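Data from final06.pdb: PDB, C-alpha atoms
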```
ATOM      1  CA  MET A   1     -36.599 111.758 -47.920
ATOM      2  CA  THR A   2     -33.921 109.154 -47.608
ATOM      3  CA  ASP A   3     -30.251 109.984 -47.445
ATOM      4  CA  PHE A   4     -29.871 108.588 -50.941
ATOM      5  CA  GLU A   5     -32.606 110.835 -52.340
ATOM      6  CA  SER A   6     -31.220 113.924 -50.634
ATOM      7  CA  GLY A   7     -27.747 113.085 -51.910
ATOM      8  CA  LEU A   8     -29.091 112.662 -55.439
ATOM      9  CA  LYS A   9     -30.993 115.917 -55.239
ATOM     10  CA  ASP A  10     -27.882 117.676 -54.042
ATOM     11  CA  ALA A  11     -25.840 116.195 -56.840
ATOM     12  CA  LEU A  12     -28.333 117.197 -59.488
ATOM     13  CA  ARG A  13     -28.858 120.675 -58.175
ATOM     14  CA  ARG A  14     -28.225 123.337 -60.792
ATOM     15  CA  ARG A  15     -24.923 125.100 -60.281
ATOM     16  CA  GLU A  16     -23.761 128.174 -62.136
ATOM     17  CA  PRO A  17     -20.406 127.768 -63.894
ATOM     18  CA  ARG A  18     -17.437 129.707 -62.612
ATOM     19  CA  ARG A  19     -17.049 133.102 -64.172
ATOM     20  CA  ASP A  20     -13.651 132.262 -65.688
ATOM     21  CA  LEU A  21     -14.941 129.124 -67.431
ATOM     22  CA  THR A  22     -14.828 130.671 -70.914
ATOM     23  CA  ASP A  23     -11.284 131.913 -70.409
ATOM     24  CA  ARG A  24     -10.133 128.530 -69.132
ATOM     25  CA  VAL A  25     -11.730 126.680 -72.064
ATOM     26  CA  MET A  26     -10.161 129.062 -74.559
ATOM     27  CA  ALA A  27      -6.803 128.688 -72.812
ATOM     28  CA  GLN A  28      -7.075 124.896 -73.104
ATOM     29  CA  ILE A  29      -7.891 125.158 -76.817
ATOM     30  CA  GLY A  30      -4.845 127.426 -77.264
ATOM     31  CA  ALA A  31      -2.623 124.976 -75.358
ATOM     32  CA  ARG A  32      -3.773 122.101 -77.588
ATOM     33  CA  ALA A  33      -3.089 124.163 -80.689
ATOM     34  CA  MET A  34       0.570 124.714 -79.635
ATOM     35  CA  PRO A  35       1.893 121.233 -80.548
ATOM     36  CA  ALA A  36       0.755 121.804 -84.125
ATOM     37  CA  ARG A  37       3.172 124.749 -84.332
ATOM     38  CA  ARG A  38       5.974 122.674 -82.768
ATOM     39  CA  SER A  39       5.520 119.863 -85.332
ATOM     40  CA  PHE A  40       6.754 122.288 -87.990
ATOM     41  CA  TRP A  41      10.365 121.799 -86.832
ATOM     42  CA  PRO A  42      10.691 118.054 -87.476
ATOM     43  CA  ALA A  43       9.509 118.761 -91.018
ATOM     44  CA  VAL A  44      12.139 121.473 -91.418
ATOM     45  CA  ALA A  45      14.768 119.118 -89.999
ATOM     46  CA  ALA A  46      13.691 116.360 -92.394
ATOM     47  CA  VAL A  47      13.890 118.692 -95.392
ATOM     48  CA  ALA A  48      17.294 119.956 -94.232
ATOM     49  CA  LEU A  49      18.553 116.379 -93.807
ATOM     50  CA  LEU A  50      17.250 115.437 -97.237
ATOM     51  CA  THR A  51      18.903 118.496 -98.770
ATOM     52  CA  VAL A  52      22.224 117.661 -97.112
ATOM     53  CA  THR A  53      21.956 114.030 -98.238
ATOM     54  CA  VAL A  54      21.164 114.976-101.851
ATOM     55  CA  ALA A  55      23.911 117.615-101.863
ATOM     56  CA  GLY A  56      26.379 115.055-100.449
ATOM     57  CA  ALA A  57      25.420 112.536-103.117
ATOM     58  CA  GLY A  58      25.853 115.186-105.798
ATOM     59  CA  GLU A  59      29.277 116.072-104.419
ATOM     60  CA  GLY A  60      30.250 112.396-104.297
ATOM     61  CA  LEU A  61      29.178 111.761-107.879
ATOM     62  CA  ARG A  62      31.058 114.866-109.027
ATOM     63  CA  ALA A  63      34.178 113.672-107.195
ATOM     64  CA  LYS A  64      33.794 110.247-108.802
ATOM     65  CA  ARG A  65      33.550 111.772-112.294
ATOM     66  CA  GLN A  66      36.642 113.881-111.607
ATOM     67  CA  LEU A  67      38.508 110.849-110.299
ATOM     68  CA  MET A  68      37.645 108.719-113.336
ATOM     69  CA  PHE A  69      38.651 111.552-115.655
ATOM     70  CA  ALA A  70      41.956 112.132-113.827
ATOM     71  CA  VAL A  71      42.857 108.434-113.894
ATOM     72  CA  GLU A  72      41.880 108.186-117.557
ATOM     73  CA  LEU A  73      43.955 111.233-118.486
ATOM     74  CA  THR A  74      46.969 110.053-116.453
ATOM     75  CA  SER A  75      46.744 106.638-118.028
ATOM     76  CA  ARG A  76      46.536 108.181-121.499
ATOM     77  CA  LYS A  77      49.538 110.455-120.893
ATOM     78  CA  LEU A  78      51.570 107.552-119.505
ATOM     79  CA  GLY A  79      50.625 105.627-122.623
ATOM     80  CA  VAL A  80      51.826 108.474-124.851
ATOM     81  CA  ALA A  81      55.083 108.676-122.859
ATOM     82  CA  GLN A  82      55.653 104.952-123.218
ATOM     83  CA  ALA A  83      54.863 105.086-126.932
ATOM     84  CA  LYS A  84      57.421 107.856-127.388
ATOM     85  CA  VAL A  85      60.073 105.879-125.525
ATOM     86  CA  THR A  86      59.264 102.801-127.614
ATOM     87  CA  GLU A  87      59.482 104.806-130.820
ATOM     88  CA  LEU A  88      62.825 106.339-129.824
ATOM     89  CA  SER A  89      64.223 102.927-128.887
ATOM     90  CA  ARG A  90      63.166 101.469-132.225
ATOM     91  CA  ARG A  91      64.722 104.385-134.067
ATOM     92  CA  ARG A  92      68.000 103.888-132.236
ATOM     93  CA  ILE A  93      67.956 100.145-132.856
ATOM     94  CA  GLY A  94      67.210 100.849-136.533
ATOM     95  CA  ARG A  95      70.161 103.239-136.714
ATOM     96  CA  ASP A  96      72.536 100.765-135.023
TER
ATOM     97  CA  MET B   1      41.241 138.690 -85.451
ATOM     98  CA  ILE B   2      44.640 137.596 -84.161
ATOM     99  CA  ASN B   3      43.173 134.163 -83.497
ATOM    100  CA  ARG B   4      42.027 133.924 -87.105
ATOM    101  CA  VAL B   5      45.489 134.825 -88.405
ATOM    102  CA  TRP B   6      47.015 132.267 -86.073
ATOM    103  CA  TRP B   7      44.670 129.539 -87.345
ATOM    104  CA  ALA B   8      45.298 130.529 -90.963
ATOM    105  CA  GLY B   9      49.044 130.324 -90.325
ATOM    106  CA  LEU B  10      48.583 126.875 -88.885
ATOM    107  CA  LEU B  11      46.387 125.630 -91.705
ATOM    108  CA  LEU B  12      48.217 127.115 -94.709
ATOM    109  CA  PRO B  13      51.204 124.739 -94.640
ATOM    110  CA  ALA B  14      48.808 121.786 -94.520
ATOM    111  CA  VAL B  15      46.955 123.097 -97.583
ATOM    112  CA  ALA B  16      50.170 123.987 -99.391
ATOM    113  CA  LEU B  17      51.590 120.517 -98.799
ATOM    114  CA  ALA B  18      48.517 118.779-100.171
ATOM    115  CA  GLN B  19      50.142 118.502-103.599
ATOM    116  CA  ASP B  20      53.820 117.992-104.426
ATOM    117  CA  ILE B  21      54.159 120.923-106.810
ATOM    118  CA  PRO B  22      52.496 124.326-106.944
ATOM    119  CA  LEU B  23      49.571 123.987-109.302
ATOM    120  CA  ASP B  24      49.281 127.680-110.011
ATOM    121  CA  LEU B  25      52.401 127.611-112.198
ATOM    122  CA  PHE B  26      50.188 127.611-115.292
ATOM    123  CA  ALA B  27      47.641 130.085-113.940
ATOM    124  CA  SER B  28      48.726 132.724-116.462
ATOM    125  CA  LEU B  29      47.804 130.327-119.296
ATOM    126  CA  VAL B  30      44.175 129.982-118.259
ATOM    127  CA  PRO B  31      42.918 132.975-120.291
ATOM    128  CA  LYS B  32      44.711 131.675-123.391
ATOM    129  CA  GLY B  33      43.219 128.202-123.237
ATOM    130  CA  THR B  34      40.107 127.255-125.160
ATOM    131  CA  GLU B  35      39.470 124.504-122.665
ATOM    132  CA  THR B  36      40.693 124.262-119.114
ATOM    133  CA  VAL B  37      40.364 121.226-116.899
ATOM    134  CA  GLU B  38      41.253 121.437-113.244
ATOM    135  CA  VAL B  39      40.850 118.513-110.880
ATOM    136  CA  SER B  40      41.833 118.773-107.231
ATOM    137  CA  LEU B  41      40.971 115.726-105.189
ATOM    138  CA  GLY B  42      42.448 115.687-101.708
ATOM    139  CA  GLY B  43      42.157 112.818 -99.259
ATOM    140  CA  THR B  44      38.596 113.548 -98.141
ATOM    141  CA  MET B  45      37.270 113.983-101.672
ATOM    142  CA  LEU B  46      39.060 110.820-102.813
ATOM    143  CA  GLN B  47      37.399 108.878-100.017
ATOM    144  CA  LEU B  48      34.050 110.338-100.987
ATOM    145  CA  ALA B  49      34.627 109.507-104.665
ATOM    146  CA  ALA B  50      35.676 105.961-103.753
ATOM    147  CA  GLN B  51      32.359 105.436-101.965
ATOM    148  CA  PHE B  52      30.544 106.155-105.208
ATOM    149  CA  LEU B  53      32.624 103.775-107.332
ATOM    150  CA  ASN B  54      30.680 100.770-108.482
ATOM    151  CA  THR B  55      32.899  97.766-107.868
ATOM    152  CA  SER B  56      30.748  95.534-110.058
ATOM    153  CA  ASP B  57      32.126  97.578-112.954
ATOM    154  CA  PRO B  58      35.628  96.201-113.704
ATOM    155  CA  GLN B  59      37.076  99.615-114.617
ATOM    156  CA  GLN B  60      35.756 101.292-111.501
ATOM    157  CA  ALA B  61      36.896  98.346-109.381
ATOM    158  CA  LYS B  62      40.434  98.774-110.775
ATOM    159  CA  VAL B  63      40.369 102.482-110.034
ATOM    160  CA  LYS B  64      39.231 101.753-106.473
ATOM    161  CA  GLY B  65      42.097  99.302-106.134
ATOM    162  CA  LEU B  66      44.526 102.044-107.155
ATOM    163  CA  LEU B  67      43.414 104.380-104.408
ATOM    164  CA  GLY B  68      44.763 102.370-101.454
ATOM    165  CA  GLY B  69      47.741 104.602-100.704
ATOM    166  CA  VAL B  70      46.802 107.642-102.764
ATOM    167  CA  LYS B  71      46.431 110.868-100.789
ATOM    168  CA  GLY B  72      45.578 113.250-103.608
ATOM    169  CA  ILE B  73      45.130 113.585-107.359
ATOM    170  CA  TYR B  74      45.625 116.949-109.030
ATOM    171  CA  VAL B  75      45.269 117.708-112.740
ATOM    172  CA  ARG B  76      45.710 120.877-114.738
ATOM    173  CA  SER B  77      45.102 120.559-118.454
ATOM    174  CA  TYR B  78      44.853 123.353-120.996
ATOM    175  CA  THR B  79      43.888 123.082-124.638
ATOM    176  CA  PHE B  80      44.822 125.901-127.008
ATOM    177  CA  LYS B  81      43.410 126.943-130.348
ATOM    178  CA  LYS B  82      46.801 127.167-132.032
ATOM    179  CA  PRO B  83      50.411 126.225-131.222
ATOM    180  CA  GLY B  84      52.670 128.759-129.542
ATOM    181  CA  GLU B  85      50.275 129.872-126.822
ATOM    182  CA  TYR B  86      52.709 128.657-124.183
ATOM    183  CA  SER B  87      56.475 128.379-124.152
ATOM    184  CA  MET B  88      58.835 125.634-123.079
ATOM    185  CA  ALA B  89      59.888 128.042-120.309
ATOM    186  CA  ASP B  90      56.446 127.409-118.768
ATOM    187  CA  VAL B  91      57.166 123.677-118.821
ATOM    188  CA  ASP B  92      60.667 124.203-117.433
ATOM    189  CA  ARG B  93      59.186 126.025-114.451
ATOM    190  CA  VAL B  94      57.408 122.793-113.537
ATOM    191  CA  ARG B  95      60.509 120.703-114.107
ATOM    192  CA  ALA B  96      62.466 123.079-111.848
ATOM    193  CA  GLN B  97      60.123 122.133-108.986
ATOM    194  CA  LEU B  98      60.977 118.466-109.354
ATOM    195  CA  LYS B  99      64.530 118.443-108.061
ATOM    196  CA  GLY B 100      65.141 115.215-106.197
ATOM    197  CA  TRP B 101      62.494 113.364-108.196
ATOM    198  CA  SER B 102      63.494 110.519-110.505
ATOM    199  CA  PRO B 103      62.787 111.252-114.162
ATOM    200  CA  VAL B 104      61.678 107.892-115.565
ATOM    201  CA  VAL B 105      60.688 109.347-118.944
ATOM    202  CA  ASN B 106      62.012 112.579-120.366
ATOM    203  CA  VAL B 107      61.431 113.017-124.072
ATOM    204  CA  ARG B 108      61.884 116.457-125.589
ATOM    205  CA  SER B 109      61.706 117.826-129.080
ATOM    206  CA  ALA B 110      61.370 121.371-130.411
ATOM    207  CA  GLU B 111      57.577 121.265-130.210
ATOM    208  CA  GLU B 112      56.813 118.582-127.657
ATOM    209  CA  SER B 113      57.943 117.477-124.268
ATOM    210  CA  THR B 114      56.888 114.558-122.121
ATOM    211  CA  GLY B 115      58.160 113.856-118.653
ATOM    212  CA  VAL B 116      57.238 111.268-116.056
ATOM    213  CA  TYR B 117      58.742 111.779-112.619
ATOM    214  CA  LEU B 118      58.579 109.599-109.541
ATOM    215  CA  LYS B 119      59.183 110.491-105.928
ATOM    216  CA  THR B 120      60.626 107.379-104.353
ATOM    217  CA  ASN B 121      61.147 106.300-100.801
ATOM    218  CA  GLY B 122      63.318 103.200-101.004
ATOM    219  CA  GLN B 123      61.378 100.763-103.147
ATOM    220  CA  LYS B 124      58.145 102.625-102.565
ATOM    221  CA  ILE B 125      56.726 105.248-104.923
ATOM    222  CA  ASP B 126      55.430 108.217-102.943
ATOM    223  CA  GLY B 127      54.380 110.448-105.808
ATOM    224  CA  LEU B 128      53.993 110.738-109.548
ATOM    225  CA  VAL B 129      54.134 113.767-111.797
ATOM    226  CA  VAL B 130      53.359 113.675-115.512
ATOM    227  CA  VAL B 131      54.131 116.748-117.600
ATOM    228  CA  SER B 132      52.896 116.528-121.160
ATOM    229  CA  ALA B 133      53.453 119.453-123.496
ATOM    230  CA  GLU B 134      52.008 119.042-126.966
ATOM    231  CA  PRO B 135      51.628 121.880-129.487
ATOM    232  CA  THR B 136      48.045 122.658-128.507
ATOM    233  CA  GLU B 137      47.731 120.882-125.176
ATOM    234  CA  LEU B 138      49.565 121.250-121.911
ATOM    235  CA  THR B 139      48.871 118.810-119.084
ATOM    236  CA  LEU B 140      50.208 118.462-115.584
ATOM    237  CA  VAL B 141      49.225 115.525-113.380
ATOM    238  CA  ASN B 142      50.308 115.035-109.792
ATOM    239  CA  ILE B 143      49.371 111.930-107.852
ATOM    240  CA  VAL B 144      50.347 112.200-104.199
ATOM    241  CA  GLY B 145      50.938 109.051-102.193
ATOM    242  CA  SER B 146      51.945 105.522-102.997
ATOM    243  CA  ILE B 147      50.850 104.173-106.326
ATOM    244  CA  ARG B 148      51.799 101.298-108.587
ATOM    245  CA  VAL B 149      52.449 102.801-112.011
ATOM    246  CA  GLU B 150      51.920  99.383-113.558
ATOM    247  CA  ASP B 151      48.335  99.367-112.246
ATOM    248  CA  LEU B 152      47.787 102.778-113.738
ATOM    249  CA  LYS B 153      49.184 101.687-117.078
ATOM    250  CA  ASP B 154      46.911  98.634-116.963
ATOM    251  CA  LEU B 155      44.003 101.019-117.297
ATOM    252  CA  SER B 156      45.296 102.085-120.689
ATOM    253  CA  GLY B 157      42.856 100.797-123.285
ATOM    254  CA  GLN B 158      40.152 100.441-120.626
ATOM    255  CA  PHE B 159      38.465 103.790-121.195
ATOM    256  CA  GLY B 160      38.427 103.705-124.979
ATOM    257  CA  ILE B 161      42.074 104.749-124.922
ATOM    258  CA  PRO B 162      44.289 102.911-127.400
ATOM    259  CA  ASN B 163      46.252 100.098-125.800
ATOM    260  CA  LEU B 164      49.925 100.835-125.175
ATOM    261  CA  GLY B 165      50.913  97.916-127.354
ATOM    262  CA  ASP B 166      48.771  99.257-130.192
ATOM    263  CA  LEU B 167      50.389 102.660-129.867
ATOM    264  CA  GLY B 168      53.828 101.117-130.083
ATOM    265  CA  ASP B 169      52.839  99.135-133.164
ATOM    266  CA  LYS B 170      51.272 102.178-134.813
ATOM    267  CA  ALA B 171      54.410 104.196-134.130
ATOM    268  CA  SER B 172      56.603 101.559-135.769
ATOM    269  CA  LYS B 173      54.257 101.222-138.767
ATOM    270  CA  LYS B 174      54.309 105.015-139.192
ATOM    271  CA  ARG B 175      58.082 104.943-139.195
ATOM    272  CA  GLU B 176      58.151 102.179-141.814
TER
END
```
For the structure just supplied, provide its representation as structure tokens.
Amino acid sequence: MTDFESGLKDALRRREPRRDLTDRVMAQIGARAMPARRSFWPAVAAVALLTVTVAGAGEGLRAKRQLMFAVELTSRKLGVAQAKVTELSRRRIGRD
Amino acid sequence: MINRVWWAGLLLPAVALAQDIPLDLFASLVPKGTETVEVSLGGTMLQLAAQFLNTSDPQQAKVKGLLGGVKGIYVRSYTFKKPGEYSMADVDRVRAQLKGWSPVVNVRSAEESTGVYLKTNGQKIDGLVVVSAEPTELTLVNIVGSIRVEDLKDLSGQFGIPNLGDLGDKASKKRE
């Protein structure tokens, strides 16, 4: 038997697996399953970010509506004030 | 606990100074009003609102242009079902807060009262208060910060509001 043949025979000789093989395999499967649980957090963060963004936009639009209303009302009241002054002036001029 | 009180003491003056006049002067009228409008836009909210203004819209562009030196806009407006739900004493309480302000318009009759007050700093306007008391509507507006009243008046007629000139003409025709 040549060295090559004896080496090959040795390499192909049946070996019993280690007793803890099953436990190690199961542990590896468990370790690979872990990242799936961790990937839950980016999703939560994305939803939270989206919620904050939508809420911010809602707040901004509400503030805009309030601003437009306030300016409109102020403008209207200034208009009424000016109209009253104009009317009073015309009355006085009419009297004089 | 003491820390919280200390912080509250520090922050309260800042909050209280946000507007020029106490806005709770009409608080007792709220239950009597059929419609109540309260707008409180401080600096941060004004900045946020400005970001949402569409400058391709001429009206909104004008409003954005107004906001340059404005630090706050506060409105209290109450509508009542019938006249007599508030008294002129309520209005006078507001006027009493405006000592040192320049009354640019002050028109009073038995049933109505309109006042426009400016807080000036040299040639600069640092604040505007409009008090409008009509038989069934009471409105208080306070704009804090520098503002050009002419710009504000320019918006008259822009929101479906009658133009100032039209109002003047209508008033004279009514008189005739």
How close does each residue of chain A get to chain B, giving the shortest atom pair and distance in Å to one decimal for every residue with an atom at most 12 Å away, counting all atoms listed in the file, sorted by chain and residue number, as a tab-separated table?
```
residue	atom	partner	partner_atom	distance
A:Gly56	CA	B:Leu48	CA	9.0
A:Ala57	CA	B:Phe52	CA	8.4
A:Gly58	CA	B:Phe52	CA	10.2
A:Glu59	CA	B:Leu48	CA	8.2
A:Gly60	CA	B:Ala49	CA	5.3
A:Leu61	CA	B:Phe52	CA	6.4
A:Arg62	CA	B:Ala49	CA	7.8
A:Ala63	CA	B:Ala49	CA	4.9
A:Lys64	CA	B:Ala49	CA	4.3
A:Arg65	CA	B:Ala49	CA	8.0
A:Gln66	CA	B:Val39	CA	6.3
A:Leu67	CA	B:Ala49	CA	7.0
A:Met68	CA	B:Val63	CA	7.6
A:Phe69	CA	B:Val39	CA	8.7
A:Ala70	CA	B:Val75	CA	6.6
A:Val71	CA	B:Leu152	CA	7.5
A:Glu72	CA	B:Phe159	CA	6.6
A:Leu73	CA	B:Val141	CA	8.5
A:Thr74	CA	B:Val141	CA	6.7
A:Ser75	CA	B:Ser156	CA	5.5
A:Arg76	CA	B:Ser156	CA	6.3
A:Lys77	CA	B:Ser132	CA	6.9
A:Leu78	CA	B:Lys153	CA	6.8
A:Gly79	CA	B:Leu164	CA	5.5
A:Val80	CA	B:Leu167	CA	7.8
A:Ala81	CA	B:Thr114	CA	6.2
A:Gln82	CA	B:Leu164	CA	7.3
A:Ala83	CA	B:Gly168	CA	5.2
A:Lys84	CA	B:Val107	CA	7.3
A:Val85	CA	B:Val107	CA	7.4
A:Thr86	CA	B:Gly168	CA	6.2
A:Glu87	CA	B:Ala171	CA	6.1
A:Leu88	CA	B:Val107	CA	8.9
A:Ser89	CA	B:Ser172	CA	10.4
A:Arg90	CA	B:Ser172	CA	7.5
A:Arg91	CA	B:Arg175	CA	8.4
A:Ile93	CA	B:Ser172	CA	11.8
A:Gly94	CA	B:Arg175	CA	10.4
```
One decimal, Å: what's the distance from atom CA of Thr53 of chain A over to atom CA of Lys71 of chain B, could you say? 24.8 Å
So which residues touch segment 20-34 of chain B within 8 Å, counting all atoms listed in the file, skipping near sequence neighbours fewer than 3 positions away, as JSON, numbers by chain? {"B": [16, 17, 76, 78, 79, 80, 81, 85, 86, 90, 93, 94, 97, 98, 127, 142, 144]}
Pairwise distance for atom CA of Glu35 of chain B and atom CA of Pro83 of chain B, rounded to one decimal in Å: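 We find that atom CA of Glu35 of chain B and atom CA of Pro83 of chain B lie 14.0 Å from each other.
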